[in-house]
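Just work35.txt here, compact mmCIF, C-alpha atoms:
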```txt
# COMPACT_ATOMS: atom_id res chain seq x y z
CA MET A 333 39.99 -113.69 -75.98
CA THR A 334 42.46 -110.83 -76.32
CA ALA A 335 44.18 -110.34 -79.68
CA PRO A 336 48.00 -110.56 -79.62
CA ALA A 337 49.60 -107.34 -80.85
CA LEU A 338 53.13 -106.30 -81.75
CA LEU A 339 54.08 -102.79 -80.55
CA VAL A 340 56.33 -100.54 -82.64
CA GLY A 341 57.95 -97.23 -81.69
CA VAL A 342 60.22 -94.97 -83.71
CA ASP A 343 62.70 -92.62 -82.03
CA PHE A 344 62.99 -89.39 -84.03
CA GLY A 345 65.12 -87.76 -81.34
CA LEU A 346 62.21 -86.11 -79.52
CA PRO A 347 62.57 -85.78 -75.72
CA HIS A 348 59.32 -87.57 -74.88
CA PHE A 349 60.10 -90.81 -76.76
CA ASP A 350 59.00 -93.78 -74.65
CA SER A 351 61.82 -96.25 -75.27
CA GLU A 352 60.04 -98.97 -73.28
CA LEU A 353 56.69 -98.32 -75.05
CA GLU A 354 55.13 -98.54 -71.61
CA GLU A 355 52.28 -96.14 -72.32
CA LEU A 356 51.45 -97.80 -75.65
CA SER A 357 51.42 -101.14 -73.83
CA GLN A 358 48.95 -99.77 -71.27
CA LEU A 359 46.78 -98.36 -74.04
CA ALA A 360 46.76 -101.75 -75.80
CA LEU A 361 45.81 -103.57 -72.59
CA THR A 362 43.07 -101.02 -71.88
CA ALA A 363 41.69 -101.56 -75.40
CA GLY A 364 41.54 -105.32 -74.80
CA MET A 365 44.68 -106.36 -76.68
CA ARG A 366 47.65 -108.43 -75.48
CA PRO A 367 51.12 -107.06 -76.32
CA VAL A 368 53.41 -109.95 -77.25
CA ALA A 369 56.56 -107.99 -78.09
CA LYS A 370 57.95 -104.48 -78.51
CA ILE A 371 60.28 -103.26 -81.23
CA THR A 372 61.89 -99.83 -81.54
CA CYS A 373 64.19 -98.14 -84.04
CA LYS A 374 65.81 -94.77 -84.66
CA ARG A 375 65.26 -92.59 -87.70
CA LYS A 376 65.95 -88.98 -88.60
CA ALA A 377 62.59 -88.70 -90.34
CA PRO A 378 59.65 -90.99 -91.20
CA ASP A 379 59.87 -93.00 -94.39
CA ALA A 380 57.28 -91.58 -96.78
CA ALA A 381 55.98 -94.99 -97.85
CA LEU A 382 56.44 -97.37 -94.88
CA PHE A 383 57.18 -94.97 -92.00
CA VAL A 384 59.99 -97.27 -90.72
CA GLY A 385 61.63 -98.14 -94.03
CA SER A 386 61.54 -101.44 -95.92
CA GLY A 387 64.29 -103.15 -93.90
CA LYS A 388 62.65 -102.54 -90.55
CA ALA A 389 59.25 -103.42 -92.05
CA ASP A 390 60.68 -106.83 -93.04
CA GLU A 391 61.95 -107.29 -89.46
CA ILE A 392 58.51 -106.41 -88.07
CA LYS A 393 56.87 -108.89 -90.44
CA PHE A 394 59.26 -111.69 -89.39
CA MET A 395 58.75 -111.02 -85.67
CA ALA A 396 54.96 -110.82 -86.04
CA THR A 397 54.94 -114.17 -87.87
CA GLN A 398 57.17 -115.82 -85.27
CA LEU A 399 55.08 -114.61 -82.33
CA GLY A 400 51.67 -115.05 -83.90
CA ALA A 401 50.74 -111.38 -83.65
CA GLN A 402 47.39 -110.56 -85.23
CA GLU A 403 47.84 -106.79 -85.31
CA VAL A 404 50.66 -104.23 -85.35
CA LEU A 405 50.34 -101.05 -83.28
CA PHE A 406 52.50 -97.96 -83.86
CA ASP A 407 53.19 -95.45 -81.08
CA GLN A 408 53.09 -92.57 -83.55
CA ALA A 409 50.37 -91.35 -85.88
CA LEU A 410 50.52 -92.84 -89.38
CA SER A 411 49.34 -91.17 -92.55
CA PRO A 412 46.60 -93.00 -94.49
CA ALA A 413 49.13 -93.93 -97.21
CA GLN A 414 51.69 -95.25 -94.71
CA GLN A 415 49.01 -97.30 -92.97
CA ARG A 416 47.79 -98.78 -96.26
CA ASN A 417 51.33 -99.57 -97.46
CA LEU A 418 52.28 -101.21 -94.16
CA GLU A 419 49.19 -103.42 -94.19
CA ARG A 420 50.02 -104.60 -97.69
CA HIS A 421 53.67 -105.21 -96.77
CA LEU A 422 53.01 -106.97 -93.45
CA GLY A 423 49.81 -108.78 -94.38
CA LEU A 424 48.32 -107.72 -91.03
CA PRO A 425 46.04 -104.98 -89.74
CA VAL A 426 48.09 -101.92 -88.79
CA ASN A 427 46.81 -99.21 -86.47
CA ASP A 428 48.35 -96.23 -84.74
CA ARG A 429 48.16 -94.54 -81.36
CA THR A 430 45.37 -92.23 -82.51
CA LEU A 431 42.98 -95.04 -83.44
CA LEU A 432 43.86 -96.91 -80.25
CA ILE A 433 42.82 -93.93 -78.13
CA LEU A 434 39.62 -93.56 -80.15
CA GLU A 435 38.83 -97.25 -79.59
CA ILE A 436 39.28 -96.87 -75.83
CA PHE A 437 37.08 -93.80 -75.75
CA ALA A 438 34.40 -95.64 -77.75
CA GLN A 439 34.48 -98.53 -75.26
CA ARG A 440 34.37 -96.29 -72.18
CA ALA A 441 31.92 -93.55 -73.11
CA ARG A 442 28.74 -94.02 -71.07
CA SER A 443 26.78 -90.79 -71.32
CA HIS A 444 24.86 -89.62 -74.36
CA GLU A 445 27.26 -86.69 -74.68
CA GLY A 446 30.35 -88.87 -74.38
CA LYS A 447 29.12 -91.24 -77.08
CA LEU A 448 28.37 -88.34 -79.41
CA GLN A 449 31.82 -86.85 -78.81
CA VAL A 450 33.57 -90.12 -79.56
CA GLU A 451 31.44 -90.68 -82.67
CA LEU A 452 32.36 -87.22 -83.96
CA ALA A 453 36.09 -87.82 -83.42
CA ARG A 454 35.84 -91.25 -85.05
CA LEU A 455 34.03 -89.85 -88.11
CA GLN A 456 36.61 -87.10 -88.47
CA TYR A 457 39.40 -89.69 -88.27
CA ILE A 458 38.00 -92.13 -90.85
CA SER A 459 37.06 -89.33 -93.23
CA THR A 460 40.78 -88.99 -94.05
CA ARG A 461 41.25 -92.75 -94.53
CA LEU A 462 38.57 -93.72 -97.01
CA VAL A 463 41.19 -94.94 -99.48
CA ARG A 464 42.76 -97.21 -96.89
CA ARG A 465 41.92 -100.65 -98.21
CA TRP A 466 38.79 -100.64 -100.34
CA SER A 467 39.41 -100.84 -104.08
CA HIS A 468 35.70 -100.41 -104.82
CA LEU A 469 36.01 -96.77 -103.81
CA GLU A 470 37.72 -96.07 -107.11
CA ARG A 471 34.70 -97.16 -109.18
CA GLN A 472 32.48 -94.47 -110.58
CA GLN A 473 28.76 -94.41 -110.03
CA GLY A 474 26.16 -92.25 -111.65
CA GLY A 475 23.24 -92.19 -113.97
CA ILE A 476 19.64 -93.18 -113.37
CA GLY A 477 18.71 -95.12 -110.26
CA THR A 478 21.93 -94.60 -108.31
CA ARG A 479 22.59 -92.60 -105.17
CA GLY A 480 25.41 -90.50 -106.58
CA GLY A 481 25.20 -87.85 -109.21
CA PRO A 482 26.51 -88.35 -112.77
CA GLY A 483 30.12 -89.46 -112.65
CA GLU A 484 30.31 -89.31 -108.86
CA THR A 485 32.89 -91.80 -107.56
CA GLN A 486 32.14 -94.07 -104.63
CA ILE A 487 34.76 -92.30 -102.55
CA GLU A 488 33.09 -88.94 -103.23
CA LEU A 489 29.76 -90.42 -102.22
CA ASP A 490 31.20 -91.89 -99.01
CA LYS A 491 32.90 -88.60 -98.17
CA ARG A 492 29.61 -86.78 -98.62
CA MET A 493 27.78 -89.31 -96.40
CA ILE A 494 30.43 -89.01 -93.68
CA GLY A 495 30.31 -85.23 -94.00
CA ASP A 496 26.55 -85.33 -93.45
CA ALA A 497 27.02 -87.61 -90.41
CA ILE A 498 29.61 -85.21 -88.95
CA LYS A 499 27.21 -82.30 -89.42
CA ARG A 500 24.34 -84.17 -87.69
CA THR A 501 26.56 -85.23 -84.79
CA LYS A 502 27.78 -81.66 -84.29
CA GLU A 503 24.19 -80.43 -84.21
CA ARG A 504 23.27 -83.00 -81.55
CA LEU A 505 26.32 -82.01 -79.51
CA VAL A 506 25.18 -78.38 -79.59
CA LYS A 507 21.92 -79.45 -77.91
CA VAL A 508 23.83 -81.36 -75.21
CA LYS A 509 26.14 -78.38 -74.69
CA LYS A 510 23.09 -76.16 -74.10
CA GLN A 511 21.87 -78.58 -71.43
CA ARG A 512 25.25 -78.52 -69.70
CA SER A 513 25.28 -74.71 -69.88
CA THR A 514 21.89 -74.68 -68.15
CA GLN A 515 23.26 -76.84 -65.34
CA ARG A 516 26.29 -74.56 -65.10
CA ARG A 517 24.07 -71.47 -64.84
CA GLN A 518 22.15 -73.13 -61.99
CA ARG A 519 25.42 -73.45 -60.09
CA ASP A 520 26.37 -69.87 -60.98
CA ARG A 521 23.06 -68.60 -59.58
CA ARG A 522 24.04 -70.13 -56.25
CA ASN A 523 27.35 -68.24 -56.58
CA ALA A 524 29.14 -71.55 -56.09
CA PHE A 525 32.92 -71.77 -56.17
CA ASN A 526 33.74 -74.11 -59.07
CA VAL A 527 36.73 -76.46 -58.85
CA SER A 528 37.79 -78.79 -61.70
CA LEU A 529 40.16 -81.73 -61.37
CA VAL A 530 42.46 -82.01 -64.39
CA GLY A 531 45.57 -84.02 -65.06
CA TYR A 532 47.28 -86.76 -67.02
CA THR A 533 45.31 -89.97 -67.34
CA ASN A 534 45.73 -92.40 -64.43
CA ALA A 535 47.08 -89.69 -62.12
CA GLY A 536 44.35 -90.52 -59.59
CA LYS A 537 41.82 -87.75 -60.28
CA SER A 538 38.73 -89.91 -59.78
CA THR A 539 40.11 -91.47 -56.58
CA LEU A 540 40.81 -88.00 -55.19
CA PHE A 541 37.35 -86.85 -56.32
CA ASN A 542 35.74 -89.76 -54.46
CA THR A 543 37.82 -89.05 -51.36
CA LEU A 544 36.93 -85.36 -51.33
CA VAL A 545 33.19 -85.56 -51.97
CA LYS A 546 32.53 -89.13 -50.80
CA ALA A 547 31.18 -90.03 -54.24
CA ARG A 548 31.21 -93.38 -56.02
CA ALA A 549 32.58 -92.30 -59.38
CA TYR A 550 34.31 -95.10 -61.24
CA ALA A 551 38.03 -95.20 -60.46
CA ALA A 552 40.57 -97.81 -61.55
CA ASP A 553 44.30 -98.18 -62.10
CA GLN A 554 44.01 -97.89 -65.87
CA LEU A 555 44.12 -95.28 -68.59
CA PHE A 556 40.97 -93.23 -69.22
CA ALA A 557 38.93 -94.77 -66.40
CA THR A 558 36.81 -91.60 -66.48
CA LEU A 559 35.46 -90.08 -69.69
CA ASP A 560 32.32 -88.27 -68.57
CA THR A 561 32.39 -85.22 -66.34
CA THR A 562 30.79 -85.70 -62.92
CA THR A 563 30.07 -82.78 -60.59
CA ARG A 564 29.33 -82.91 -56.86
CA GLN A 565 29.00 -80.36 -54.07
CA LEU A 566 31.85 -80.38 -51.54
CA TYR A 567 30.75 -78.93 -48.20
CA LEU A 568 33.66 -77.27 -46.42
CA GLY A 569 32.76 -77.14 -42.73
CA GLU A 570 35.75 -74.93 -41.95
CA ALA A 571 34.30 -72.23 -44.19
CA GLY A 572 30.61 -72.97 -43.65
CA ARG A 573 30.34 -72.91 -47.44
CA SER A 574 30.26 -75.29 -50.39
CA ALA A 575 32.33 -75.69 -53.52
CA SER A 576 31.27 -77.39 -56.74
CA VAL A 577 33.87 -80.03 -57.73
CA SER A 578 34.07 -81.60 -61.22
CA ASP A 579 36.03 -84.65 -62.29
CA THR A 580 37.06 -84.44 -65.96
CA VAL A 581 38.58 -86.68 -68.61
CA GLY A 582 42.33 -87.27 -68.34
CA PHE A 583 44.85 -86.02 -70.87
CA ILE A 584 47.56 -88.03 -72.61
CA ARG A 585 50.55 -87.38 -74.85
CA ASP A 586 49.59 -86.91 -78.51
CA LEU A 587 45.88 -86.78 -77.67
CA PRO A 588 44.18 -86.64 -81.07
CA HIS A 589 43.16 -83.10 -81.94
CA GLY A 590 39.80 -84.42 -83.04
CA LEU A 591 39.17 -85.62 -79.51
CA ILE A 592 40.20 -82.30 -78.01
CA ASP A 593 37.76 -80.54 -80.33
CA ALA A 594 35.03 -83.12 -79.80
CA PHE A 595 35.36 -83.02 -76.01
CA GLN A 596 35.22 -79.23 -75.88
CA ALA A 597 31.84 -79.37 -74.10
CA THR A 598 33.17 -81.72 -71.43
CA LEU A 599 36.39 -79.75 -70.97
CA GLN A 600 34.34 -76.55 -70.70
CA GLU A 601 34.08 -77.36 -67.00
CA ALA A 602 37.81 -76.66 -66.74
CA VAL A 603 37.58 -73.45 -68.80
CA ASP A 604 34.80 -72.05 -66.59
CA ALA A 605 36.30 -73.14 -63.26
CA ASP A 606 37.40 -70.75 -60.51
CA LEU A 607 40.26 -73.08 -59.62
CA LEU A 608 41.98 -76.02 -61.31
CA LEU A 609 43.40 -78.84 -59.22
CA HIS A 610 46.09 -80.27 -61.51
CA VAL A 611 46.53 -83.83 -60.20
CA VAL A 612 50.03 -85.25 -60.80
CA ASP A 613 51.23 -88.83 -60.32
CA SER A 614 54.28 -87.94 -58.23
CA ALA A 615 55.49 -91.55 -58.28
CA ASN A 616 55.73 -91.60 -62.08
CA PRO A 617 59.31 -90.83 -63.20
CA ASN A 618 57.92 -89.06 -66.27
CA PHE A 619 55.69 -86.67 -64.31
CA PRO A 620 57.44 -83.48 -65.62
CA GLU A 621 56.64 -84.47 -69.22
CA GLN A 622 53.08 -85.39 -68.21
CA MET A 623 52.63 -82.02 -66.50
CA ALA A 624 53.90 -80.22 -69.61
CA GLU A 625 51.39 -82.11 -71.76
CA VAL A 626 48.52 -81.12 -69.45
CA GLN A 627 49.63 -77.48 -69.57
CA ARG A 628 49.72 -77.67 -73.38
CA VAL A 629 46.15 -79.00 -73.60
CA LEU A 630 44.89 -76.45 -71.05
CA HIS A 631 46.37 -73.71 -73.23
CA GLU A 632 44.75 -75.25 -76.32
CA ILE A 633 41.27 -75.32 -74.78
CA GLY A 634 41.62 -71.81 -73.32
CA ALA A 635 41.89 -72.82 -69.65
CA ASP A 636 45.47 -71.65 -69.07
CA HIS A 637 44.21 -68.42 -67.47
CA VAL A 638 42.41 -70.26 -64.62
CA PRO A 639 44.23 -70.24 -61.25
CA GLN A 640 45.88 -73.62 -60.70
CA TRP A 641 47.12 -75.72 -57.78
CA LEU A 642 49.34 -78.73 -58.21
CA ILE A 643 48.19 -81.82 -56.33
CA PHE A 644 51.11 -84.25 -56.17
CA ASN A 645 49.20 -87.49 -55.64
CA LYS A 646 50.28 -91.07 -54.85
CA ILE A 647 52.94 -90.11 -52.29
CA ASP A 648 52.23 -93.49 -50.67
CA ASN A 649 54.03 -95.00 -53.69
CA LEU A 650 57.16 -92.89 -53.18
CA PRO A 651 60.27 -94.48 -51.62
CA THR A 652 61.32 -93.24 -48.19
CA GLU A 653 64.07 -91.00 -49.54
CA ARG A 654 61.58 -89.17 -51.81
CA GLN A 655 58.88 -88.57 -49.20
CA PRO A 656 58.08 -84.82 -48.91
CA LEU A 657 59.40 -83.00 -45.84
CA VAL A 658 56.38 -80.67 -45.89
CA LEU A 659 52.92 -81.24 -47.38
CA SER A 660 52.63 -77.82 -48.99
CA ASP A 661 55.08 -75.61 -50.88
CA LEU A 662 55.50 -73.78 -54.20
CA TYR A 663 56.48 -75.39 -57.52
CA GLU A 664 57.66 -73.39 -60.51
CA VAL A 665 55.79 -73.85 -63.79
CA ASP A 666 56.65 -71.60 -66.74
CA GLY A 667 58.28 -69.08 -64.42
CA ASN A 668 55.32 -68.95 -62.00
CA GLY A 669 55.28 -70.40 -58.50
CA LEU A 670 52.14 -72.53 -58.13
CA PRO A 671 50.87 -73.87 -54.79
CA ARG A 672 51.70 -77.56 -54.46
CA ILE A 673 50.03 -79.97 -52.03
CA PHE A 674 51.27 -83.52 -51.49
CA VAL A 675 48.48 -86.06 -50.97
CA SER A 676 47.62 -89.71 -51.19
CA ALA A 677 44.04 -90.07 -52.38
CA GLN A 678 44.30 -93.77 -51.52
CA THR A 679 45.33 -93.40 -47.85
CA GLY A 680 43.96 -89.91 -47.22
CA GLN A 681 47.31 -88.38 -46.30
CA GLY A 682 47.34 -84.64 -47.03
CA VAL A 683 43.63 -84.53 -47.93
CA ALA A 684 42.71 -82.67 -44.72
CA LEU A 685 45.26 -79.96 -45.60
CA LEU A 686 43.81 -79.73 -49.11
CA ARG A 687 40.30 -79.28 -47.71
CA GLN A 688 41.55 -76.60 -45.33
CA MET A 689 43.28 -74.70 -48.14
CA LEU A 690 40.15 -75.00 -50.31
CA ALA A 691 38.04 -73.64 -47.43
CA GLU A 692 40.35 -70.63 -47.13
CA GLU A 693 40.20 -70.05 -50.87
CA VAL A 694 36.39 -70.26 -50.94
CA MET A 695 36.13 -67.77 -48.07
CA LYS A 696 38.42 -65.35 -49.90
CA SER A 697 36.30 -65.66 -53.03
CA GLY A 698 33.08 -64.64 -51.30
CA ALA A 699 31.14 -67.68 -52.54
CA ALA A 700 27.61 -68.24 -51.31
CA VAL A 701 27.26 -68.98 -47.60
CA SER A 702 25.73 -72.30 -46.61
CA THR A 703 25.13 -73.29 -43.01
CA GLU A 704 24.63 -76.96 -43.75
CA HIS A 705 25.10 -79.47 -46.51
CA ASP A 706 22.11 -79.43 -48.85
CA PRO A 707 21.76 -82.73 -50.75
CA ARG A 708 19.66 -81.02 -53.41
CA PHE A 709 22.86 -79.51 -54.73
CA ASP A 710 24.53 -82.89 -55.31
CA LEU A 711 24.52 -82.64 -59.08
CA ASP A 712 25.55 -85.54 -61.25
CA ILE A 713 26.08 -84.34 -64.78
CA SER A 714 27.84 -87.49 -65.90
CA GLY A 715 25.00 -87.87 -68.35
CA GLU A 716 23.72 -91.26 -67.27
CA ASN A 717 20.20 -89.88 -66.98
CA GLU A 718 20.34 -87.34 -69.78
CA ASP A 719 17.49 -87.02 -72.18
CA GLU A 720 18.22 -88.64 -75.51
CA PHE A 721 18.28 -86.18 -78.36
CA GLU A 722 16.96 -87.31 -81.67
```
Structure re-expressed in structure tokens:
Amino acid sequence: MTAPALLVGVDFGLPHFDSELEELSQLALTAGMRPVAKITCKRKAPDAALFVGSGKADEIKFMATQLGAQEVLFDQALSPAQQRNLERHLGLPVNDRTLLILEIFAQRARSHEGKLQVELARLQYISTRLVRRWSHLERQQGGIGTRGGPGETQIELDKRMIGDAIKRTKERLVKVKKQRSTQRRQRDRRNAFNVSLVGYTNAGKSTLFNTLVKARAYAADQLFATLDTTTRQLYLGEAGRSASVSDTVGFIRDLPHGLIDAFQATLQEAVDADLLLHVVDSANPNFPEQMAEVQRVLHEIGADHVPQWLIFNKIDNLPTERQPLVLSDLYEVDGNGLPRIFVSAQTGQGVALLRQMLAEEVMKSGAAVSTEHDPRFDLDISGENEDEFE
């Protein structure tokens, strides 16, 4: 049974504020919660103690009681002190957007690498919130027969234990990263042309990936349907050559920095690509803001130098008056004209043109010649069959 949750958003005058809390609602549904109401307010700056101020906190408490909400979710990141104060004031669990995204990632991670990455991000998150609600953390421990040293507080002990867990998880991720590097070198030895699909979550990357390479990667109309990178060979008959295509995790506004750092190994596919296909949900009215967020994350992970094409997907969802007159043109991003291709991964419209353009690009690159499709090169590095590292 899904837990009823009350959604809260605060407008600080930033351009990307979601007044309808639509994305937070989708995140809550994806995490297995049931939004029962949404409440927004405007402030010049966050209240240091309660984020929204005492008056609005009273209003949230009244609404949560009336609607039977069991949890309150904030669309912005809360400090540990604000979270603790709100829980005391409301008498309900309070969580923010960051934890919600971490919960979804924890539920969806399937590969060994993905689980390690999520665990690392989760440990880094809770390491700052040890004082959240446990009074026993203030007690001192020490002396003979205890785990801590003389005078070591419980919170110091817990911080040290979490620090050790973070160190171990990072070491295990290094081993997984080496394995992925080995797989990448195997592709490099074949002089393969590497293409990575990137984009905002739920833009249709996995559906396009399946359409291009006839794979069966999981795809659904929900946020973060794909967390683990999957790579397949795409044989381009027009060029008589193959390209290596990778489907990567989707980005989202205010993606926790811990997750960006933790998923560096997965996102390395984008950094090392010869071409990025930036998939955009053209039917989403907020697609310019979503594109800007993807560009920001690409810059943060060091992939902003990779040549990029814009794939405006879901044109089958556009009204007649917004249907493109041509399927290929140029679109300006940061003063640069990027190739743009309109497609519908669902119906296949525009996909043939995309394949043709990819074939031309592969031929220009001088990638390895292949006279026929070789199934031995169908690599799946999603991690489902990875060796477990101890």
field: Point (44.1, -114.3, -82.0) neighbourhood (8 Å, all atoms listed in the file) written as a ChimeraX atom specification
entry: /A:333-336,400-402
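Closest approach to Gln678 of chain A among A:Gln398, A:Gln414, A:Ser357, A:Asn645 is made by A:Asn645 (distances from all atoms listed in the file).
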message: Give me, as a PyMOL selection string, all polymer residues having an atom no more than 9 Å from segment 495-505 of chain A, counting only C-alpha atoms and skipping those fewer than 2 positions away in the same chain.
response: chain A and resi 445+448-449+451-453+455-456+459+490-493+507-510+594+597+721-722
message: As an exercise, work out the distance from atom CA of Asn649 of chain A to atom CA of Phe437 of chain A in Å and give it to one decimal place.
response: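 According to the coordinates, atom CA of Asn649 of chain A and atom CA of Phe437 of chain A are separated by 27.8 Å.
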- request: Find the residues with any atom within 6 Å of (58.8, -98.6, -78.0); use all atoms listed in the file and the coordinates as given in the file, and write the answer as a ChimeraX atom specification.
  value: /A:340-341,350-353,370-372
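With atom CA of Leu356 of chain A on one side and atom CA of Leu339 of chain A on the other, the separation reads 7.5 Å.
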- request: Might you pull out every residue within 12 Å of Leu422 of chain A, with only C-alpha atoms counted and same-chain residues fewer than 2 positions away left off, and present them as a list in words?
  value: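 Final neighbour list, sorted by chain and number: Leu338, Leu382, Ser386, Gly387, Lys388, Ala389, Asp390, Glu391, Ile392, Lys393, Phe394, Met395, Ala396, Thr397, Ala401, Gln402, Glu403, Val404, Gln414, Gln415, Arg416, Asn417, Leu418, Glu419, Arg420, Leu424, Pro425 and Val426 of chain A.
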task: Enter the distance from atom CA of Ala409 of chain A to atom CA of Lys447 of chain A, in Å, rounded to one decimal.
output: 23.0 Å
message: For a quick check of understanding, using all atoms listed in the file, which of A:Leu662, A:Val530, A:Val342, A:Leu609 has the smallest distance to Val629 of chain A?
response: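 Smallest distance to Val629 of chain A is found for A:Val530.
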message: From the options A:Thr533, A:Asn526, A:Gln600, A:Gln627, which residue's atoms come nearest to Leu566 of chain A, counting all atoms listed in the file?
response: A:Asn526
- line: Among A:Thr679, A:Ser614, A:Gln622, A:Asn427, Leu650 of chain A is approached most closely, using all atoms listed in the file, by A:Ser614
message: Give me the residues near Leu431 of chain A as a PyMOL selection string, where near means some atom within 9 Å (using only C-alpha atoms) and where sequence neighbours in that chain fewer than 5 positions away do not count.
response: chain A and resi 409+436+454+457+588
- request: Excluding His637 of chain A and residues on its chain fewer than 3 positions from it, collect all residues at most 12 Å away from it, counting only C-alpha atoms, and give them as number ranges by chain.
  value: A: 602-608, 627, 630-634, 640
- prompt: Any idea what's packed within 8 Å of Ala691 of chain A, counting all atoms listed in the file, ignoring anything in its chain fewer than 5 positions away? Could you give it as a PyMOL selection string?
  reply: chain A and resi 568-571+573
